Amino acid sequence: MKVLGLSCGTLNGSNDTMCKEALMAAQEAGAEIEFINLHQLDIKHCTGCKACVMGLFSGRGNACVIKDDFQWLVDKMYGADGIIWAVPIFEKCAPGIFHTVMDRFGPRLDRGNVMIAQKIAENGGKPIDPKYMKEKVVSYMGIGGSDWATRIQCDFNTQALTPKWSVIDNECFQWSLDIIMNDEALAKAHQIGLNLAEAAKKIADGTFQPANGIFNDDYKGAAGVCPYCHSNNFFLREDGVAICCLCGTEGVMKNVDGKYVFEFDEETWIPHAHDSISGKFIHGDDIQRNEGKARASLQTEEAKARKAKYKDFIQSSKPV
């Protein structure tokens with residue numbers, strides 16, 4: 001059993017501290033551990049070139065064209081049975097380096113896309129590394145200096161959604177500039193490490209059974225408002241429809257005995273949930289149709305003329 005700790009914070013700062021406390025617990029539980037601070041890596045932003053997904057769906061594999069340390073990090077992540085993240089809170093949500101990793105994961109490492117590529121490989125395409133299909137458990141800790149923290153947990157679960165990893169803990173620590181002196185917070189990080197290690201053992205011995213949905217029977221976090229994915233983040237439309245920002249289910253929000261209750265048609269929406277395999281396939285079909293429509297539209301003379309108009313209008317400024 002191997003547990004990987006990832007920190008997105010200052011070297012030897014609060015995030016490193018919390019991540020290492022959790023790793024200490026995982027090691028006590030019998031895990032082989034490794035620690036990486038992402039700021040020591042060269043990880044470039046995703047450019048949206050789509051070369052990875054084009055390679056996936058044409059049977060050429062799922063490599064990224066950007067040459068940096070990202071594939072090294074991916075190999076480390078997929079080589080672990082469980083991953084513990086410690087991430088600082090910037091402007092209520094995760095910082096850019098976390099989002100860059102999340103961006104680089106999709107679409108080339110999306111579980112649904114990888115499953116489609118695997119089928120293509122069976123008909124003569126380039127084989128997909130089986131590690132990208134491996135179940136994995138992951139826990140997140142958000143470390144903030146104030147109470148501005150209402151986005152971070154949804155950000156975390158969005159990262160898990162793409163590869164369809166199972167979340168064990170999703171904890172937010174507010175007012176934590178001196179967290180190294182907060183025994184309660186350190187004890188919580190230790191417990192998060194123990195929880196992750198227990199779930200990672202099941203990954204290692206092949207007994208882990210992920211439920212339908214992002215969360216599972218091993219989930220140790222708060223229930224949340226969404227009964228499917230436990231998210232507390234919702235988009236409220238003017239017509240009264242509420243959409244879970246994480247799993248994408250649509251329903252209505254009600255106040256029952258002073259508590260918010262999110263109700264939706266499970267038969268209709270669970271198959272569309274963004275983390276489910278069926279939902280990923282639906283999304284893949286939608287993208288494929290839209291890509292085909294866009295290609296046909298952009299090949300017209302009118303589209304070429306419009307593109308030339310904006311290309312020739314002004315060029316990007318660059319430092320001398």
# chains A, B, ... in the order shown; residues from 1 in each chain; ligands from 1

call {"tool": "closest_atom_pairs", "arguments": {"of": "range 104-165 of chain A", "to": "range 175-189 of chain A", "cutoff": "8 Å", "atoms": "only C-alpha atoms", "output": "JSON lines"}}
result
{"residue": "A:Met141", "atom": "CA", "partner": "A:Ala189", "partner_atom": "CA", "distance": 8.0}
{"residue": "A:Ile143", "atom": "CA", "partner": "A:Ser176", "partner_atom": "CA", "distance": 6.4}
{"residue": "A:Gly144", "atom": "CA", "partner": "A:Ser176", "partner_atom": "CA", "distance": 5.6}
{"residue": "A:Gly145", "atom": "CA", "partner": "A:Trp175", "partner_atom": "CA", "distance": 4.5}
{"residue": "A:Ser146", "atom": "CA", "partner": "A:Trp175", "partner_atom": "CA", "distance": 4.4}
{"residue": "A:Asp147", "atom": "CA", "partner": "A:Trp175", "partner_atom": "CA", "distance": 6.4}

call {"tool": "select_by_dssp", "arguments": {"residues": "range 71-178 of chain A", "states": "alpha helix (DSSP H)", "output": "MDAnalysis selection string"}}
result
chainID A and resid 71:78 96:105 111:122 152:161

call {"tool": "residues_around", "arguments": {"residues": "Ala22 in chain A", "least_positions_apart": "3", "cutoff": "9 Å", "atoms": "only C-alpha atoms", "output": "VMD selection string"}}
result
chain A and resid 5 17 to 19 25 to 27 84 186 to 194 196

call {"tool": "closest_residue", "arguments": {"among": "A:Thr100, A:Asn195, A:Gln118, A:Thr268", "to": "Gln159 in chain A", "atoms": "only C-alpha atoms"}}
result
A:Thr100

call {"tool": "closest_atom_pairs", "arguments": {"of": "range 106-134 of chain A", "to": "range 46-58 of chain A", "cutoff": "10 Å", "atoms": "only C-alpha atoms", "output": "JSON lines"}}
result
{"residue": "A:Gly106", "atom": "CA", "partner": "A:Val53", "partner_atom": "CA", "distance": 8.6}
{"residue": "A:Pro107", "atom": "CA", "partner": "A:Val53", "partner_atom": "CA", "distance": 6.0}
{"residue": "A:Arg108", "atom": "CA", "partner": "A:Val53", "partner_atom": "CA", "distance": 5.5}
{"residue": "A:Leu109", "atom": "CA", "partner": "A:Val53", "partner_atom": "CA", "distance": 9.1}
{"residue": "A:Asp110", "atom": "CA", "partner": "A:Val53", "partner_atom": "CA", "distance": 9.7}
{"residue": "A:Asn113", "atom": "CA", "partner": "A:Leu56", "partner_atom": "CA", "distance": 7.5}
{"residue": "A:Val114", "atom": "CA", "partner": "A:Leu56", "partner_atom": "CA", "distance": 7.4}
{"residue": "A:Met115", "atom": "CA", "partner": "A:Leu56", "partner_atom": "CA", "distance": 9.9}
{"residue": "A:Ile116", "atom": "CA", "partner": "A:Phe57", "partner_atom": "CA", "distance": 7.5}
{"residue": "A:Ala117", "atom": "CA", "partner": "A:Leu56", "partner_atom": "CA", "distance": 5.4}
{"residue": "A:Gln118", "atom": "CA", "partner": "A:Leu56", "partner_atom": "CA", "distance": 8.8}
{"residue": "A:Lys119", "atom": "CA", "partner": "A:Phe57", "partner_atom": "CA", "distance": 9.7}
{"residue": "A:Ile120", "atom": "CA", "partner": "A:Phe57", "partner_atom": "CA", "distance": 7.3}
{"residue": "A:Ala121", "atom": "CA", "partner": "A:Ser58", "partner_atom": "CA", "distance": 9.3}
{"residue": "A:Gly125", "atom": "CA", "partner": "A:Ser58", "partner_atom": "CA", "distance": 7.5}
{"residue": "A:Lys126", "atom": "CA", "partner": "A:Leu56", "partner_atom": "CA", "distance": 8.8}
{"residue": "A:Ile128", "atom": "CA", "partner": "A:Leu56", "partner_atom": "CA", "distance": 8.8}

call {"tool": "residues_around", "arguments": {"residues": "Pro95 in chain A", "least_positions_apart": "6", "cutoff": "10 Å", "atoms": "only C-alpha atoms", "output": "compact mmCIF listing (two decimals) with all heavy atoms, in the first residue's frame"}}
result
# COMPACT_ATOMS: atom_id res chain seq x y z
N CYS A 8 0.42 22.10 -2.02
CA CYS A 8 0.45 23.23 -2.96
C CYS A 8 0.86 24.51 -2.24
O CYS A 8 0.66 25.61 -2.77
CB CYS A 8 -0.92 23.42 -3.60
SG CYS A 8 -1.45 22.09 -4.68
N GLY A 9 1.38 24.39 -1.03
CA GLY A 9 1.71 25.57 -0.25
C GLY A 9 3.19 25.91 -0.22
O GLY A 9 4.03 25.25 -0.87
N VAL A 87 -3.83 22.03 0.49
CA VAL A 87 -3.91 23.10 -0.50
C VAL A 87 -4.30 24.42 0.17
O VAL A 87 -5.30 24.47 0.91
CB VAL A 87 -4.97 22.74 -1.57
CG1 VAL A 87 -5.06 23.82 -2.64
CG2 VAL A 87 -4.66 21.38 -2.20
N PRO A 88 -3.56 25.49 -0.06
CA PRO A 88 -3.95 26.79 0.51
C PRO A 88 -5.20 27.33 -0.17
O PRO A 88 -5.50 27.00 -1.32
CB PRO A 88 -2.73 27.68 0.22
CG PRO A 88 -2.10 27.07 -0.99
CD PRO A 88 -2.32 25.59 -0.86
N ILE A 89 -5.93 28.14 0.56
CA ILE A 89 -7.15 28.75 0.02
C ILE A 89 -6.82 30.13 -0.51
O ILE A 89 -6.38 31.01 0.25
CB ILE A 89 -8.24 28.81 1.10
CG1 ILE A 89 -8.58 27.41 1.60
CG2 ILE A 89 -9.49 29.51 0.55
CD1 ILE A 89 -9.52 27.38 2.79
N ILE A 152 -13.66 26.08 -1.87
CA ILE A 152 -12.53 25.16 -1.90
C ILE A 152 -12.95 23.69 -1.99
O ILE A 152 -12.37 22.91 -2.75
CB ILE A 152 -11.60 25.40 -0.68
CG1 ILE A 152 -10.29 24.62 -0.82
CG2 ILE A 152 -12.30 25.08 0.62
CD1 ILE A 152 -9.32 25.21 -1.78
N ASP A 155 -14.06 22.71 -5.42
CA ASP A 155 -12.87 22.61 -6.27
C ASP A 155 -12.20 21.25 -6.10
O ASP A 155 -11.81 20.60 -7.07
CB ASP A 155 -11.87 23.71 -5.93
CG ASP A 155 -12.23 25.06 -6.51
OD1 ASP A 155 -13.27 25.15 -7.18
OD2 ASP A 155 -11.48 26.02 -6.29

call {"tool": "residues_around", "arguments": {"residues": "range 280-286 of chain A", "least_positions_apart": "3", "cutoff": "9 Å", "atoms": "only C-alpha atoms", "output": "PyMOL selection string"}}
result
chain A and resi 110-113+116+271-277+289-291

call {"tool": "write_last_selection", "arguments": {"atoms": "all heavy atoms", "output": "compact mmCIF listing (two decimals), in the first residue's frame"}}
result
# COMPACT_ATOMS: atom_id res chain seq x y z
N ASP A 110 -9.65 11.72 -18.10
CA ASP A 110 -11.04 11.50 -17.71
C ASP A 110 -11.38 10.02 -17.85
O ASP A 110 -11.10 9.41 -18.88
CB ASP A 110 -11.97 12.35 -18.58
CG ASP A 110 -13.43 12.18 -18.20
OD1 ASP A 110 -14.05 11.22 -18.69
OD2 ASP A 110 -13.93 12.98 -17.40
N ARG A 111 -11.96 9.43 -16.80
CA ARG A 111 -12.21 7.99 -16.81
C ARG A 111 -13.08 7.57 -18.00
O ARG A 111 -12.83 6.54 -18.63
CB ARG A 111 -12.88 7.58 -15.50
CG ARG A 111 -13.17 6.07 -15.39
CD ARG A 111 -11.94 5.27 -15.08
NE ARG A 111 -11.50 5.48 -13.72
CZ ARG A 111 -11.93 4.75 -12.67
NH1 ARG A 111 -12.80 3.77 -12.85
NH2 ARG A 111 -11.48 5.00 -11.46
N GLY A 112 -14.10 8.36 -18.30
CA GLY A 112 -14.96 8.02 -19.43
C GLY A 112 -14.21 8.03 -20.75
O GLY A 112 -14.34 7.12 -21.57
N ASN A 113 -13.38 9.06 -20.97
CA ASN A 113 -12.60 9.14 -22.19
C ASN A 113 -11.59 8.00 -22.30
O ASN A 113 -11.36 7.45 -23.39
CB ASN A 113 -11.85 10.48 -22.26
CG ASN A 113 -12.79 11.64 -22.51
OD1 ASN A 113 -13.93 11.46 -22.91
ND2 ASN A 113 -12.31 12.84 -22.25
N ILE A 116 -13.36 4.90 -23.39
CA ILE A 116 -13.63 4.93 -24.83
C ILE A 116 -12.36 4.60 -25.61
O ILE A 116 -12.38 3.81 -26.56
CB ILE A 116 -14.16 6.32 -25.24
CG1 ILE A 116 -15.54 6.57 -24.61
CG2 ILE A 116 -14.24 6.45 -26.76
CD1 ILE A 116 -16.05 7.99 -24.77
N PRO A 271 -28.34 9.08 -13.81
CA PRO A 271 -27.59 8.62 -15.00
C PRO A 271 -26.84 9.74 -15.71
O PRO A 271 -25.91 9.47 -16.48
CB PRO A 271 -28.68 8.04 -15.91
CG PRO A 271 -29.78 7.66 -14.97
CD PRO A 271 -29.77 8.73 -13.91
N HIS A 272 -27.24 11.01 -15.46
CA HIS A 272 -26.56 12.15 -16.07
C HIS A 272 -25.48 12.74 -15.18
O HIS A 272 -24.77 13.67 -15.59
CB HIS A 272 -27.57 13.27 -16.38
CG HIS A 272 -28.44 12.99 -17.57
ND1 HIS A 272 -29.50 12.10 -17.52
CD2 HIS A 272 -28.42 13.47 -18.83
CE1 HIS A 272 -30.09 12.07 -18.70
NE2 HIS A 272 -29.46 12.88 -19.51
N ALA A 273 -25.34 12.26 -13.97
CA ALA A 273 -24.39 12.85 -13.01
C ALA A 273 -23.00 12.89 -13.61
O ALA A 273 -22.55 11.95 -14.26
CB ALA A 273 -24.39 12.05 -11.71
N HIS A 274 -22.31 13.98 -13.39
CA HIS A 274 -21.04 14.23 -14.08
C HIS A 274 -19.93 13.27 -13.67
O HIS A 274 -18.96 13.11 -14.42
CB HIS A 274 -20.59 15.68 -13.82
CG HIS A 274 -21.54 16.69 -14.37
ND1 HIS A 274 -21.46 18.02 -14.06
CD2 HIS A 274 -22.60 16.55 -15.21
CE1 HIS A 274 -22.43 18.67 -14.69
NE2 HIS A 274 -23.15 17.81 -15.38
N ASP A 275 -20.06 12.65 -12.52
CA ASP A 275 -19.02 11.72 -12.08
C ASP A 275 -19.31 10.28 -12.50
O ASP A 275 -18.44 9.43 -12.42
CB ASP A 275 -18.89 11.75 -10.57
CG ASP A 275 -20.07 11.09 -9.89
OD1 ASP A 275 -21.19 11.60 -10.06
OD2 ASP A 275 -19.89 10.06 -9.23
N SER A 276 -20.55 9.99 -12.89
CA SER A 276 -20.91 8.61 -13.24
C SER A 276 -20.39 8.26 -14.63
O SER A 276 -20.23 9.14 -15.49
CB SER A 276 -22.43 8.42 -13.18
OG SER A 276 -23.07 9.13 -14.23
N ILE A 277 -20.15 6.99 -14.88
CA ILE A 277 -19.68 6.57 -16.20
C ILE A 277 -20.73 6.89 -17.26
O ILE A 277 -20.41 7.37 -18.35
CB ILE A 277 -19.34 5.06 -16.20
CG1 ILE A 277 -18.14 4.80 -15.27
CG2 ILE A 277 -19.02 4.59 -17.60
CD1 ILE A 277 -16.88 5.54 -15.64
N ARG A 289 -20.55 15.54 -30.87
CA ARG A 289 -21.49 16.20 -31.79
C ARG A 289 -21.12 17.67 -31.99
O ARG A 289 -21.14 18.18 -33.12
CB ARG A 289 -22.92 16.08 -31.26
CG ARG A 289 -23.57 14.72 -31.47
CD ARG A 289 -25.05 14.79 -31.22
NE ARG A 289 -25.34 15.15 -29.84
CZ ARG A 289 -25.45 14.28 -28.85
NH1 ARG A 289 -25.30 12.98 -29.09
NH2 ARG A 289 -25.72 14.68 -27.62
N ASN A 290 -20.77 18.34 -30.90
CA ASN A 290 -20.44 19.76 -30.98
C ASN A 290 -19.15 19.98 -31.76
O ASN A 290 -19.02 20.95 -32.52
CB ASN A 290 -20.31 20.34 -29.58
CG ASN A 290 -20.20 21.85 -29.59
OD1 ASN A 290 -21.05 22.53 -30.14
ND2 ASN A 290 -19.15 22.37 -28.97
N GLU A 291 -18.17 19.08 -31.55
CA GLU A 291 -16.91 19.18 -32.29
C GLU A 291 -17.15 19.02 -33.79
O GLU A 291 -16.60 19.76 -34.61
CB GLU A 291 -15.93 18.10 -31.81
CG GLU A 291 -15.35 18.36 -30.43
CD GLU A 291 -14.24 19.38 -30.44
OE1 GLU A 291 -13.80 19.76 -31.54
OE2 GLU A 291 -13.82 19.81 -29.35

call {"tool": "residues_around", "arguments": {"residues": "range 65-80 of chain A", "least_positions_apart": "2", "cutoff": "9 Å", "atoms": "only C-alpha atoms", "output": "MDAnalysis selection string"}}
result
chainID A and resid 1:4 33 36 38 41:47 49 51:52 63 82:83 101 104:105 131:132 134 136 200

call {"tool": "write_last_selection", "arguments": {"atoms": "N, CA and C atoms", "output": "PDB file, in the first residue's frame"}}
result
ATOM      1  N   MET A   1       0.846  -1.192   0.000  1.00  0.00           N
ATOM      2  CA  MET A   1       0.000   0.000   0.000  1.00  0.00           C
ATOM      3  C   MET A   1       0.884   1.247   0.000  1.00  0.00           C
ATOM      4  N   LYS A   2       0.593   2.163  -0.923  1.00  0.00           N
ATOM      5  CA  LYS A   2       1.382   3.395  -1.027  1.00  0.00           C
ATOM      6  C   LYS A   2       0.471   4.607  -0.962  1.00  0.00           C
ATOM      7  N   VAL A   3       0.871   5.585  -0.159  1.00  0.00           N
ATOM      8  CA  VAL A   3       0.127   6.833  -0.007  1.00  0.00           C
ATOM      9  C   VAL A   3       1.038   7.993  -0.391  1.00  0.00           C
ATOM     10  N   LEU A   4       0.553   8.851  -1.266  1.00  0.00           N
ATOM     11  CA  LEU A   4       1.302  10.009  -1.747  1.00  0.00           C
ATOM     12  C   LEU A   4       0.720  11.277  -1.147  1.00  0.00           C
ATOM     13  N   ILE A  33       5.126   5.765   2.139  1.00  0.00           N
ATOM     14  CA  ILE A  33       4.715   7.137   1.882  1.00  0.00           C
ATOM     15  C   ILE A  33       5.729   7.880   1.013  1.00  0.00           C
ATOM     16  N   ILE A  36       5.455  15.268  -2.033  1.00  0.00           N
ATOM     17  CA  ILE A  36       5.850  16.171  -3.115  1.00  0.00           C
ATOM     18  C   ILE A  36       5.242  17.545  -2.864  1.00  0.00           C
ATOM     19  N   LEU A  38       4.379  20.733  -4.892  1.00  0.00           N
ATOM     20  CA  LEU A  38       4.211  21.003  -6.319  1.00  0.00           C
ATOM     21  C   LEU A  38       4.986  22.225  -6.793  1.00  0.00           C
ATOM     22  N   LEU A  41       8.139  21.716  -8.804  1.00  0.00           N
ATOM     23  CA  LEU A  41       8.019  21.106 -10.132  1.00  0.00           C
ATOM     24  C   LEU A  41       7.775  22.176 -11.187  1.00  0.00           C
ATOM     25  N   ASP A  42       8.115  21.851 -12.407  1.00  0.00           N
ATOM     26  CA  ASP A  42       7.816  22.703 -13.560  1.00  0.00           C
ATOM     27  C   ASP A  42       6.539  22.173 -14.203  1.00  0.00           C
ATOM     28  N   ILE A  43       5.421  22.817 -13.891  1.00  0.00           N
ATOM     29  CA  ILE A  43       4.126  22.387 -14.432  1.00  0.00           C
ATOM     30  C   ILE A  43       3.504  23.569 -15.161  1.00  0.00           C
ATOM     31  N   LYS A  44       3.417  23.451 -16.458  1.00  0.00           N
ATOM     32  CA  LYS A  44       2.902  24.540 -17.294  1.00  0.00           C
ATOM     33  C   LYS A  44       1.376  24.462 -17.397  1.00  0.00           C
ATOM     34  N   HIS A  45       0.786  25.577 -17.763  1.00  0.00           N
ATOM     35  CA  HIS A  45      -0.670  25.637 -17.915  1.00  0.00           C
ATOM     36  C   HIS A  45      -1.135  24.853 -19.145  1.00  0.00           C
ATOM     37  N   CYS A  46      -2.322  24.286 -19.050  1.00  0.00           N
ATOM     38  CA  CYS A  46      -2.959  23.679 -20.215  1.00  0.00           C
ATOM     39  C   CYS A  46      -3.307  24.788 -21.205  1.00  0.00           C
ATOM     40  N   THR A  47      -3.036  24.554 -22.490  1.00  0.00           N
ATOM     41  CA  THR A  47      -3.331  25.558 -23.524  1.00  0.00           C
ATOM     42  C   THR A  47      -4.656  25.302 -24.231  1.00  0.00           C
ATOM     43  N   CYS A  49      -5.207  22.891 -26.353  1.00  0.00           N
ATOM     44  CA  CYS A  49      -4.926  22.533 -27.748  1.00  0.00           C
ATOM     45  C   CYS A  49      -5.724  21.316 -28.223  1.00  0.00           C
ATOM     46  N   ALA A  51      -4.922  18.300 -28.296  1.00  0.00           N
ATOM     47  CA  ALA A  51      -4.144  17.235 -28.921  1.00  0.00           C
ATOM     48  C   ALA A  51      -4.299  15.916 -28.163  1.00  0.00           C
ATOM     49  N   CYS A  52      -4.427  16.005 -26.825  1.00  0.00           N
ATOM     50  CA  CYS A  52      -4.525  14.779 -26.031  1.00  0.00           C
ATOM     51  C   CYS A  52      -5.804  14.015 -26.340  1.00  0.00           C
ATOM     52  N   ALA A  63      -1.113  10.985 -24.689  1.00  0.00           N
ATOM     53  CA  ALA A  63       0.027  11.796 -24.263  1.00  0.00           C
ATOM     54  C   ALA A  63      -0.285  13.290 -24.382  1.00  0.00           C
ATOM     55  N   GLY A  82      -3.455   5.721  -2.604  1.00  0.00           N
ATOM     56  CA  GLY A  82      -4.198   6.836  -2.042  1.00  0.00           C
ATOM     57  C   GLY A  82      -3.387   8.109  -2.097  1.00  0.00           C
ATOM     58  N   ILE A  83      -4.080   9.251  -2.186  1.00  0.00           N
ATOM     59  CA  ILE A  83      -3.427  10.559  -2.297  1.00  0.00           C
ATOM     60  C   ILE A  83      -4.018  11.501  -1.262  1.00  0.00           C
ATOM     61  N   VAL A 101      -3.121  21.592 -12.444  1.00  0.00           N
ATOM     62  CA  VAL A 101      -3.099  20.127 -12.407  1.00  0.00           C
ATOM     63  C   VAL A 101      -4.459  19.574 -12.825  1.00  0.00           C
ATOM     64  N   ARG A 104      -4.899  19.929 -16.565  1.00  0.00           N
ATOM     65  CA  ARG A 104      -4.059  19.006 -17.324  1.00  0.00           C
ATOM     66  C   ARG A 104      -4.581  17.560 -17.227  1.00  0.00           C
ATOM     67  N   PHE A 105      -5.391  17.268 -16.215  1.00  0.00           N
ATOM     68  CA  PHE A 105      -5.992  15.936 -16.090  1.00  0.00           C
ATOM     69  C   PHE A 105      -7.077  15.707 -17.142  1.00  0.00           C
ATOM     70  N   LYS A 131      -3.043   1.520 -15.755  1.00  0.00           N
ATOM     71  CA  LYS A 131      -3.027   2.269 -14.499  1.00  0.00           C
ATOM     72  C   LYS A 131      -4.064   3.389 -14.499  1.00  0.00           C
ATOM     73  N   TYR A 132      -4.413   3.899 -15.701  1.00  0.00           N
ATOM     74  CA  TYR A 132      -5.381   4.987 -15.776  1.00  0.00           C
ATOM     75  C   TYR A 132      -6.804   4.529 -15.484  1.00  0.00           C
ATOM     76  N   LYS A 134      -7.273   2.359 -12.872  1.00  0.00           N
ATOM     77  CA  LYS A 134      -7.188   1.858 -11.505  1.00  0.00           C
ATOM     78  C   LYS A 134      -8.016   2.712 -10.542  1.00  0.00           C
ATOM     79  N   LYS A 136      -8.847   4.557  -7.092  1.00  0.00           N
ATOM     80  CA  LYS A 136      -7.955   5.298  -6.208  1.00  0.00           C
ATOM     81  C   LYS A 136      -8.782   6.061  -5.193  1.00  0.00           C
ATOM     82  N   ALA A 200      -7.037   2.997   1.437  1.00  0.00           N
ATOM     83  CA  ALA A 200      -5.984   2.621   0.487  1.00  0.00           C
ATOM     84  C   ALA A 200      -5.625   1.147   0.606  1.00  0.00           C
TER      85      ALA A 200
END

call {"tool": "closest_residue", "arguments": {"among": "A:Gly206, A:Gly142, A:Gly221, A:Gly240", "to": "Cys172 in chain A", "atoms": "only C-alpha atoms"}}
result
A:Gly142

call {"tool": "closest_residue", "arguments": {"among": "A:Met102, A:Ile203, A:Ile97, A:Ile287", "to": "Thr162 in chain A", "atoms": "only C-alpha atoms"}}
result
A:Met102

call {"tool": "closest_residue", "arguments": {"among": "A:Cys245, A:Ala197, A:Val138, A:Asp16", "to": "Glu28 in chain A", "atoms": "only C-alpha atoms"}}
result
A:Ala197

call {"tool": "atom_distance", "arguments": {"atom1": "CA of Cys226 in chain A", "atom2": "CA of Leu6 in chain A"}}
result
27.6 Å

call {"tool": "atom_distance", "arguments": {"atom1": "CA of Pro163 in chain A", "atom2": "CA of Ala222 in chain A"}}
result
22.0 Å

call {"tool": "residues_around", "arguments": {"residues": "Gly248 in chain A", "least_positions_apart": "2", "cutoff": "10 Å", "atoms": "only C-alpha atoms", "output": "list of chain:residue names"}}
result
A:Cys229, A:Phe234, A:Phe235, A:Ala242, A:Ile243, A:Cys244, A:Cys245, A:Leu246, A:Glu250, A:Gly251, A:Trp269, A:Ile270, A:His272, A:Ala273, A:His274, A:Asp275, A:Gly279

call {"tool": "write_last_selection", "arguments": {"atoms": "N, CA and C atoms", "output": "PDB file, in the first residue's frame"}}
result
ATOM      1  N   CYS A 229     -23.963  13.735  -4.095  1.00  0.00           N
ATOM      2  CA  CYS A 229     -22.509  13.949  -4.025  1.00  0.00           C
ATOM      3  C   CYS A 229     -22.068  14.713  -2.790  1.00  0.00           C
ATOM      4  N   PHE A 234     -24.351  25.349  -5.104  1.00  0.00           N
ATOM      5  CA  PHE A 234     -25.444  25.236  -6.065  1.00  0.00           C
ATOM      6  C   PHE A 234     -25.557  26.492  -6.913  1.00  0.00           C
ATOM      7  N   PHE A 235     -26.009  26.290  -8.154  1.00  0.00           N
ATOM      8  CA  PHE A 235     -26.350  27.392  -9.051  1.00  0.00           C
ATOM      9  C   PHE A 235     -27.868  27.496  -9.050  1.00  0.00           C
ATOM     10  N   ALA A 242     -32.620  24.474  -9.145  1.00  0.00           N
ATOM     11  CA  ALA A 242     -31.315  24.456  -8.487  1.00  0.00           C
ATOM     12  C   ALA A 242     -30.451  23.389  -9.147  1.00  0.00           C
ATOM     13  N   ILE A 243     -29.192  23.733  -9.457  1.00  0.00           N
ATOM     14  CA  ILE A 243     -28.274  22.795 -10.104  1.00  0.00           C
ATOM     15  C   ILE A 243     -27.066  22.614  -9.196  1.00  0.00           C
ATOM     16  N   CYS A 244     -26.786  21.374  -8.837  1.00  0.00           N
ATOM     17  CA  CYS A 244     -25.600  21.103  -8.029  1.00  0.00           C
ATOM     18  C   CYS A 244     -24.359  21.420  -8.853  1.00  0.00           C
ATOM     19  N   CYS A 245     -23.498  22.283  -8.340  1.00  0.00           N
ATOM     20  CA  CYS A 245     -22.311  22.703  -9.089  1.00  0.00           C
ATOM     21  C   CYS A 245     -21.310  21.577  -9.277  1.00  0.00           C
ATOM     22  N   LEU A 246     -21.409  20.515  -8.492  1.00  0.00           N
ATOM     23  CA  LEU A 246     -20.457  19.424  -8.601  1.00  0.00           C
ATOM     24  C   LEU A 246     -20.954  18.306  -9.511  1.00  0.00           C
ATOM     25  N   GLU A 250     -30.138  18.435 -11.468  1.00  0.00           N
ATOM     26  CA  GLU A 250     -31.058  19.561 -11.425  1.00  0.00           C
ATOM     27  C   GLU A 250     -32.286  19.187 -10.606  1.00  0.00           C
ATOM     28  N   GLY A 251     -32.721  20.110  -9.756  1.00  0.00           N
ATOM     29  CA  GLY A 251     -33.885  19.858  -8.920  1.00  0.00           C
ATOM     30  C   GLY A 251     -34.371  21.148  -8.310  1.00  0.00           C
ATOM     31  N   TRP A 269     -31.895  12.013 -13.261  1.00  0.00           N
ATOM     32  CA  TRP A 269     -30.655  12.757 -13.167  1.00  0.00           C
ATOM     33  C   TRP A 269     -29.431  11.966 -12.758  1.00  0.00           C
ATOM     34  N   ILE A 270     -29.581  10.918 -11.974  1.00  0.00           N
ATOM     35  CA  ILE A 270     -28.385  10.173 -11.583  1.00  0.00           C
ATOM     36  C   ILE A 270     -27.637   9.600 -12.788  1.00  0.00           C
ATOM     37  N   HIS A 272     -27.239  11.010 -15.461  1.00  0.00           N
ATOM     38  CA  HIS A 272     -26.559  12.150 -16.073  1.00  0.00           C
ATOM     39  C   HIS A 272     -25.476  12.739 -15.178  1.00  0.00           C
ATOM     40  N   ALA A 273     -25.340  12.256 -13.965  1.00  0.00           N
ATOM     41  CA  ALA A 273     -24.395  12.847 -13.013  1.00  0.00           C
ATOM     42  C   ALA A 273     -22.997  12.893 -13.610  1.00  0.00           C
ATOM     43  N   HIS A 274     -22.311  13.984 -13.395  1.00  0.00           N
ATOM     44  CA  HIS A 274     -21.043  14.230 -14.076  1.00  0.00           C
ATOM     45  C   HIS A 274     -19.930  13.275 -13.675  1.00  0.00           C
ATOM     46  N   ASP A 275     -20.059  12.650 -12.519  1.00  0.00           N
ATOM     47  CA  ASP A 275     -19.024  11.717 -12.084  1.00  0.00           C
ATOM     48  C   ASP A 275     -19.309  10.279 -12.498  1.00  0.00           C
ATOM     49  N   GLY A 279     -22.914   9.272 -17.161  1.00  0.00           N
ATOM     50  CA  GLY A 279     -22.900  10.720 -17.363  1.00  0.00           C
ATOM     51  C   GLY A 279     -21.706  11.168 -18.183  1.00  0.00           C
TER      52      GLY A 279
END

call {"tool": "atom_distance", "arguments": {"atom1": "CA of Phe264 in chain A", "atom2": "CA of Asp217 in chain A"}}
result
21.7 Å

call {"tool": "select_by_dssp", "arguments": {"residues": "range 53-104 of chain A", "states": "strand (DSSP E)", "output": "PyMOL selection string"}}
result
chain A and resi 82-88

call {"tool": "write_last_selection", "arguments": {"atoms": "N, CA and C atoms", "output": "mmCIF file, in the first residue's frame"}}
result
data_model
loop_
_atom_site.group_PDB
_atom_site.id
_atom_site.type_symbol
_atom_site.label_atom_id
_atom_site.label_comp_id
_atom_site.auth_asym_id
_atom_site.auth_seq_id
_atom_site.Cartn_x
_atom_site.Cartn_y
_atom_site.Cartn_z
ATOM 1 N N GLY A 82 -3.455 5.721 -2.604
ATOM 2 C CA GLY A 82 -4.198 6.836 -2.042
ATOM 3 C C GLY A 82 -3.387 8.109 -2.097
ATOM 4 N N ILE A 83 -4.080 9.251 -2.186
ATOM 5 C CA ILE A 83 -3.427 10.559 -2.297
ATOM 6 C C ILE A 83 -4.018 11.501 -1.262
ATOM 7 N N ILE A 84 -3.148 12.246 -0.582
ATOM 8 C CA ILE A 84 -3.574 13.274 0.364
ATOM 9 C C ILE A 84 -3.109 14.625 -0.149
ATOM 10 N N TRP A 85 -4.051 15.530 -0.366
ATOM 11 C CA TRP A 85 -3.734 16.881 -0.812
ATOM 12 C C TRP A 85 -3.799 17.850 0.369
ATOM 13 N N ALA A 86 -2.867 18.786 0.449
ATOM 14 C CA ALA A 86 -2.944 19.935 1.358
ATOM 15 C C ALA A 86 -2.791 21.180 0.495
ATOM 16 N N VAL A 87 -3.828 22.025 0.490
ATOM 17 C CA VAL A 87 -3.913 23.100 -0.502
ATOM 18 C C VAL A 87 -4.303 24.416 0.174
ATOM 19 N N PRO A 88 -3.557 25.494 -0.063
ATOM 20 C CA PRO A 88 -3.948 26.789 0.506
ATOM 21 C C PRO A 88 -5.201 27.334 -0.173
#
